[in-house]
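As stored in model.txt (compact mmCIF, C-alpha atoms):
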```txt
# COMPACT_ATOMS: atom_id res chain seq x y z
CA MET A 1045 16.43 -26.98 -76.19
CA ASP A 1046 17.92 -29.92 -74.34
CA PRO A 1047 16.13 -30.11 -70.95
CA SER A 1048 19.38 -30.71 -69.06
CA HIS A 1049 20.93 -27.63 -70.75
CA GLU A 1050 17.85 -25.59 -69.85
CA ARG A 1051 18.07 -26.71 -66.23
CA SER A 1052 21.78 -25.86 -66.02
CA GLY A 1053 21.06 -22.45 -67.56
CA GLN A 1054 18.36 -21.73 -64.97
CA ALA A 1055 20.66 -22.94 -62.21
CA LEU A 1056 23.35 -20.47 -63.31
CA ARG A 1057 20.83 -17.63 -63.40
CA ASP A 1058 19.56 -18.48 -59.90
CA GLN A 1059 23.12 -18.75 -58.62
CA LEU A 1060 24.07 -15.43 -60.16
CA GLN A 1061 21.02 -13.72 -58.69
CA ARG A 1062 21.94 -14.98 -55.23
CA THR A 1063 25.46 -13.60 -55.67
CA LEU A 1064 24.14 -10.23 -56.86
CA SER A 1065 21.35 -9.98 -54.29
CA GLY A 1066 21.08 -6.47 -52.89
CA SER A 1067 23.07 -4.93 -55.75
CA TYR A 1068 21.39 -6.03 -58.98
CA THR A 1069 18.12 -7.69 -59.99
CA LEU A 1070 18.26 -9.82 -63.13
CA GLU A 1071 15.53 -9.01 -65.66
CA ARG A 1072 16.17 -11.17 -68.71
CA GLU A 1073 18.87 -12.95 -70.65
CA LEU A 1074 20.15 -11.61 -73.94
CA GLY A 1075 21.60 -13.72 -76.73
CA GLY A 1076 25.15 -14.25 -75.53
CA GLY A 1077 28.32 -14.85 -77.47
CA GLY A 1078 30.68 -17.79 -77.21
CA MET A 1079 32.57 -16.22 -74.31
CA SER A 1080 29.74 -15.44 -71.91
CA ARG A 1081 26.12 -15.57 -70.80
CA VAL A 1082 24.62 -12.07 -70.95
CA PHE A 1083 21.88 -10.72 -68.68
CA VAL A 1084 20.08 -7.40 -68.43
CA ALA A 1085 19.68 -6.31 -64.82
CA GLU A 1086 18.64 -3.31 -62.77
CA GLU A 1087 21.16 -1.78 -60.38
CA THR A 1088 19.22 -1.58 -57.13
CA ARG A 1089 20.58 1.64 -55.65
CA LEU A 1090 20.71 3.82 -58.76
CA ARG A 1091 17.81 2.12 -60.58
CA ARG A 1092 19.66 2.00 -63.89
CA ARG A 1093 19.83 -0.85 -66.34
CA VAL A 1094 23.12 -2.68 -66.73
CA VAL A 1095 24.44 -5.73 -68.54
CA ILE A 1096 25.95 -8.58 -66.52
CA LYS A 1097 28.26 -10.94 -68.44
CA VAL A 1098 29.25 -14.29 -66.92
CA LEU A 1099 32.11 -16.24 -68.49
CA SER A 1100 31.09 -19.59 -69.92
CA PRO A 1101 32.18 -22.60 -67.83
CA GLU A 1102 34.42 -23.74 -70.71
CA LEU A 1103 36.38 -20.48 -70.72
CA ALA A 1104 36.36 -20.20 -66.93
CA GLN A 1105 38.11 -23.55 -66.54
CA GLY A 1106 41.62 -23.02 -65.26
CA ILE A 1107 41.15 -19.27 -64.81
CA SER A 1108 42.48 -17.53 -61.73
CA VAL A 1109 39.58 -15.35 -60.55
CA GLU A 1110 41.98 -13.06 -58.69
CA ARG A 1111 44.15 -12.54 -61.77
CA PHE A 1112 41.06 -12.00 -63.94
CA GLU A 1113 39.85 -9.27 -61.59
CA ARG A 1114 43.26 -7.59 -61.61
CA GLU A 1115 43.16 -7.50 -65.41
CA ILE A 1116 39.57 -6.23 -65.37
CA GLN A 1117 40.72 -3.35 -63.15
CA LEU A 1118 42.85 -2.17 -66.07
CA ALA A 1119 39.86 -2.30 -68.41
CA ALA A 1120 37.77 -0.43 -65.83
CA SER A 1121 40.29 2.43 -65.92
CA LEU A 1122 39.28 3.27 -69.50
CA GLN A 1123 37.04 6.33 -69.51
CA GLN A 1124 36.43 7.54 -73.06
CA ALA A 1125 33.25 8.41 -74.96
CA ASN A 1126 33.56 5.55 -77.45
CA ILE A 1127 34.29 2.84 -74.86
CA VAL A 1128 31.60 1.09 -72.81
CA PRO A 1129 33.10 1.12 -69.29
CA VAL A 1130 33.30 -1.75 -66.80
CA LEU A 1131 31.25 -0.88 -63.70
CA SER A 1132 32.04 -3.81 -61.41
CA ALA A 1133 33.35 -7.38 -61.41
CA GLY A 1134 33.21 -10.47 -59.25
CA ASP A 1135 32.61 -14.20 -59.41
CA THR A 1136 29.72 -16.56 -58.78
CA ASN A 1137 30.80 -20.00 -57.63
CA GLY A 1138 34.11 -19.58 -59.45
CA LEU A 1139 32.66 -18.14 -62.68
CA PRO A 1140 33.96 -14.59 -63.22
CA PHE A 1141 31.43 -11.92 -64.19
CA PHE A 1142 31.50 -8.20 -64.90
CA ALA A 1143 28.90 -5.45 -65.25
CA MET A 1144 28.69 -2.73 -67.91
CA PRO A 1145 26.10 -0.03 -68.70
CA PHE A 1146 23.16 -1.11 -70.86
CA VAL A 1147 23.54 0.70 -74.19
CA GLU A 1148 20.32 1.62 -76.00
CA GLY A 1149 20.69 0.78 -79.68
CA GLU A 1150 21.87 -2.19 -81.71
CA SER A 1151 25.09 -4.01 -82.42
CA LEU A 1152 27.00 -3.26 -85.58
CA ARG A 1153 26.58 -6.96 -86.42
CA HIS A 1154 22.79 -6.60 -86.34
CA HIS A 1155 22.97 -3.41 -88.38
CA LEU A 1156 25.26 -5.04 -90.93
CA ALA A 1157 22.78 -7.89 -91.44
CA ARG A 1158 20.77 -5.46 -93.56
CA GLY A 1159 23.64 -5.12 -96.03
CA PRO A 1160 26.83 -3.11 -96.63
CA LEU A 1161 26.82 0.37 -95.13
CA PRO A 1162 26.90 3.73 -96.96
CA ILE A 1163 30.41 5.13 -97.31
CA ALA A 1164 29.73 8.06 -94.94
CA GLU A 1165 28.45 5.71 -92.24
CA VAL A 1166 31.45 3.38 -92.63
CA ILE A 1167 33.80 6.33 -92.15
CA SER A 1168 31.85 7.49 -89.09
CA VAL A 1169 31.95 4.04 -87.45
CA LEU A 1170 35.65 3.53 -88.19
CA ARG A 1171 36.45 7.00 -86.86
CA ASP A 1172 34.67 6.31 -83.56
CA VAL A 1173 36.25 2.88 -83.12
CA SER A 1174 39.67 4.34 -84.00
CA ARG A 1175 39.24 6.95 -81.27
CA ALA A 1176 38.49 4.21 -78.75
CA LEU A 1177 41.50 2.18 -79.86
CA SER A 1178 43.84 5.16 -79.85
CA TYR A 1179 42.82 6.04 -76.30
CA ALA A 1180 43.21 2.46 -75.01
CA HIS A 1181 46.45 1.78 -76.85
CA GLY A 1182 47.88 4.96 -75.39
CA ARG A 1183 47.33 3.35 -72.00
CA GLY A 1184 48.79 0.00 -72.98
CA ILE A 1185 45.46 -1.84 -73.23
CA VAL A 1186 44.66 -4.04 -76.25
CA HIS A 1187 41.15 -5.25 -77.08
CA ARG A 1188 42.09 -8.45 -78.99
CA ASP A 1189 38.56 -9.09 -80.30
CA ILE A 1190 37.49 -6.11 -82.43
CA LYS A 1191 34.53 -7.20 -84.59
CA PRO A 1192 31.00 -5.96 -85.42
CA ASP A 1193 29.55 -7.91 -82.47
CA ASN A 1194 31.61 -5.81 -80.03
CA VAL A 1195 30.64 -2.45 -81.53
CA LEU A 1196 27.32 -0.92 -80.51
CA LEU A 1197 25.50 1.87 -82.34
CA SER A 1198 23.69 4.35 -80.12
CA ALA A 1199 22.44 7.88 -80.80
CA GLY A 1200 24.56 8.23 -83.93
CA ALA A 1201 27.81 7.08 -82.32
CA ALA A 1202 29.72 3.80 -82.30
CA VAL A 1203 30.97 2.51 -78.95
CA VAL A 1204 33.26 -0.45 -78.27
CA THR A 1205 32.35 -3.01 -75.64
CA ASP A 1206 34.26 -5.82 -73.90
CA PHE A 1207 37.53 -3.89 -73.90
CA GLY A 1208 40.30 -5.89 -72.28
CA ILE A 1209 38.14 -8.96 -71.64
CA ALA A 1210 39.93 -11.27 -74.09
CA LYS A 1211 43.27 -10.15 -72.64
CA ALA A 1212 41.99 -10.74 -69.10
CA ILE A 1213 40.88 -14.28 -69.96
CA SER A 1214 44.20 -15.09 -71.60
CA ALA A 1215 46.29 -13.58 -68.81
CA ALA A 1216 44.25 -15.28 -66.07
CA ARG A 1217 44.75 -18.80 -67.41
CA THR A 1218 47.12 -21.13 -65.65
CA GLN A 1219 50.11 -22.31 -67.66
CA ALA A 1220 48.84 -25.89 -67.78
CA ASP A 1221 45.40 -24.82 -68.96
CA SER A 1222 46.90 -22.54 -71.61
CA ALA A 1223 48.80 -25.50 -73.04
CA GLY A 1224 45.60 -27.51 -73.19
CA LEU A 1225 43.84 -24.61 -74.85
CA THR A 1226 46.39 -24.56 -77.66
CA GLN A 1227 46.26 -28.30 -78.15
CA THR A 1228 42.49 -28.33 -78.58
CA GLY A 1229 42.68 -25.58 -81.20
CA THR A 1230 40.67 -23.06 -79.20
CA SER A 1231 41.78 -19.43 -79.10
CA ILE A 1232 40.68 -16.16 -77.60
CA GLY A 1233 39.54 -14.03 -80.50
CA THR A 1234 37.53 -14.44 -83.70
CA PRO A 1235 39.24 -16.05 -86.74
CA ALA A 1236 37.72 -13.71 -89.38
CA TYR A 1237 39.35 -10.67 -87.68
CA MET A 1238 42.45 -12.27 -86.20
CA ALA A 1239 45.87 -10.87 -87.07
CA PRO A 1240 48.38 -13.47 -88.32
CA GLU A 1241 50.50 -13.25 -85.17
CA GLN A 1242 47.42 -13.71 -83.00
CA ALA A 1243 46.27 -16.66 -85.11
CA ALA A 1244 49.74 -18.17 -84.74
CA GLY A 1245 49.47 -17.99 -80.95
CA ASP A 1246 52.14 -15.34 -80.41
CA PRO A 1247 52.03 -14.49 -76.67
CA ASN A 1248 53.31 -10.97 -77.38
CA VAL A 1249 50.29 -9.74 -79.33
CA ASP A 1250 50.12 -5.93 -79.15
CA HIS A 1251 48.02 -3.01 -80.42
CA ARG A 1252 48.77 -3.89 -84.04
CA ALA A 1253 46.39 -6.86 -83.74
CA ASP A 1254 43.55 -4.42 -83.04
CA ILE A 1255 44.50 -2.31 -86.06
CA TYR A 1256 44.46 -5.43 -88.25
CA ALA A 1257 41.04 -6.41 -86.87
CA LEU A 1258 39.76 -2.88 -87.51
CA GLY A 1259 40.85 -3.23 -91.14
CA CYS A 1260 39.02 -6.56 -91.44
CA MET A 1261 35.92 -5.02 -89.94
CA GLY A 1262 36.09 -2.00 -92.25
CA TYR A 1263 36.39 -4.37 -95.21
CA GLU A 1264 33.23 -6.16 -94.06
CA LEU A 1265 31.30 -2.92 -93.59
CA LEU A 1266 32.04 -2.03 -97.20
CA ALA A 1267 31.81 -5.45 -98.86
CA GLY A 1268 29.26 -7.19 -96.67
CA GLN A 1269 31.71 -9.92 -95.71
CA PRO A 1270 35.16 -10.15 -94.06
CA PRO A 1271 38.29 -10.41 -96.23
CA PHE A 1272 38.57 -14.14 -95.59
CA THR A 1273 35.72 -16.61 -95.23
CA GLY A 1274 35.66 -20.38 -95.11
CA GLN A 1275 33.73 -23.34 -93.81
CA THR A 1276 35.98 -23.86 -90.79
CA ALA A 1277 37.87 -21.63 -88.38
CA GLN A 1278 41.08 -23.44 -89.32
CA ARG A 1279 40.70 -22.50 -92.99
CA VAL A 1280 40.04 -18.86 -92.15
CA ILE A 1281 43.09 -18.75 -89.87
CA ALA A 1282 45.20 -20.35 -92.59
CA ALA A 1283 44.06 -17.66 -95.03
CA GLN A 1284 44.99 -14.92 -92.54
CA LEU A 1285 48.48 -16.37 -92.43
CA THR A 1286 49.07 -17.06 -96.12
CA GLU A 1287 46.70 -15.13 -98.42
CA ALA A 1288 46.06 -11.55 -99.53
CA PRO A 1289 42.44 -10.32 -99.55
CA ARG A 1290 40.67 -9.45 -102.76
CA PRO A 1291 40.94 -5.68 -103.39
CA ILE A 1292 37.88 -3.96 -101.97
CA GLY A 1293 37.49 -1.95 -105.17
CA ASP A 1294 36.76 -5.19 -107.03
CA LEU A 1295 33.75 -5.74 -104.78
CA ARG A 1296 32.45 -2.20 -104.48
CA ALA A 1297 33.11 0.42 -107.11
CA ASP A 1298 32.09 3.47 -105.04
CA VAL A 1299 34.81 3.01 -102.40
CA PRO A 1300 37.17 6.04 -102.49
CA PRO A 1301 40.75 4.96 -103.28
CA ALA A 1302 42.08 6.42 -100.02
CA LEU A 1303 39.56 4.42 -97.98
CA GLY A 1304 40.15 1.24 -100.00
CA ALA A 1305 43.89 1.50 -99.39
CA MET A 1306 43.56 1.62 -95.59
```
Rewrite the coordinates I just gave you, this time as structure tokens.
Amino acid sequence: MDPSHERSGQALRDQLQRTLSGSYTLERELGGGGMSRVFVAEETRLRRRVVIKVLSPELAQGISVERFEREIQLAASLQQANIVPVLSAGDTNGLPFFAMPFVEGESLRHHLARGPLPIAEVISVLRDVSRALSYAHGRGIVHRDIKPDNVLLSAGAAVVTDFGIAKAISAARTQADSAGLTQTGTSIGTPAYMAPEQAAGDPNVDHRADIYALGCMGYELLAGQPPFTGQTAQRVIAAQLTEAPRPIGDLRADVPPALGAM
């Protein structure tokens, strides 16, 4: 690791711990995604383990912390068995963070690394994620980044994490920063699961984008890869806009027709 990067990482951890002092004690850092640094911590008063996610400086640039927290309040209102709830939120030196329960288990991404899933397990996972989406969509909240990384498997159930975070980041950006974001080709979401309208930068993305992403994820659970793959994000996005995926039955003969047609 680059020493300067290591020093900046330690500085962020120390800064975060100072901000959280009295409420949480950081234990260790988990492998984070592109959007955030992820820490396991202990909540001081209740002595339970939680996950603290701090937005990366790149994403936090141009974000209104106040607007981000208002959006996070909507996500925190979701109380459903297949949704990992938001416990608290704040900022550390201008970098927004939020806390969620620590879920014992593994991510669907990690589970999928061992190969395509049995049909019964695919149906179970899709059913649980569909329940989470149905509940949130009924309350006007869209995830915008459904993918195996944001689904956790615990005690035989699938639970969705980071609900509303992508929307909060997008909504909290200033107009000038949003324009720069488009120009540099960066987007909130993951190209392999991104609905065409989301890939095209439509500001009015709604619940249908989550349904599209769920279909892409289901395809991957069955086939071992998403419907569209490519060497660059731009190529994958182009495929989402212009191509039809290969029929899942061509890749896996045991897929029931009704499931393959979803």
Using only C-alpha atoms, pick whichever of A:Tyr1237, A:Gly1159, A:Ser1067, A:Ala1164 has the shortest atom-to-atom distance to A:Asn1194. A:Tyr1237
For stretch 1135-1250 of chain A versus stretch 1273-1297 of chain A, which residues have an atom no more than 10 Å away, and what is each residue's nearest atom pair and distance in Å rounded to one decimal, using only C-alpha atoms, chain-then-number order, as CSV?
```
residue,atom,partner,partner_atom,distance
A:Pro1160,CA,A:Arg1296,CA,9.7
A:Gly1229,CA,A:Gln1278,CA,8.5
A:Thr1230,CA,A:Ala1277,CA,9.7
A:Thr1234,CA,A:Ala1277,CA,8.6
A:Pro1235,CA,A:Ile1281,CA,5.6
A:Ala1236,CA,A:Val1280,CA,6.3
A:Tyr1237,CA,A:Gln1284,CA,8.6
A:Met1238,CA,A:Gln1284,CA,7.3
A:Ala1239,CA,A:Gln1284,CA,6.9
A:Pro1240,CA,A:Leu1285,CA,5.0
A:Glu1241,CA,A:Leu1285,CA,8.2
A:Gln1242,CA,A:Ile1281,CA,9.6
A:Ala1243,CA,A:Ile1281,CA,6.1
A:Ala1244,CA,A:Leu1285,CA,8.0
```
I want to know what sits within 12 Å of stretch 1084-1096 of chain A, based on all atoms listed in the file, with residues of the same chain fewer than 3 positions away left out; could you give that as a PyMOL selection string? chain A and resi 1057+1060-1061+1063-1076+1080-1081+1099+1128-1136+1140-1148+1205-1206
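One distance worth recording is that between atom CA of A:Leu1170 and atom CA of A:Gly1259, which is 9.0 Å.
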Computed interatomic separation between atom CA of A:Glu1102 and atom CA of A:Gly1233 (Å): 14.7 Å
Would you mind reading off the distance between atom CA of A:Glu1150 and atom CA of A:Ser1198, one decimal, in Å?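 According to the coordinates, atom CA of A:Glu1150 and atom CA of A:Ser1198 are separated by 7.0 Å.
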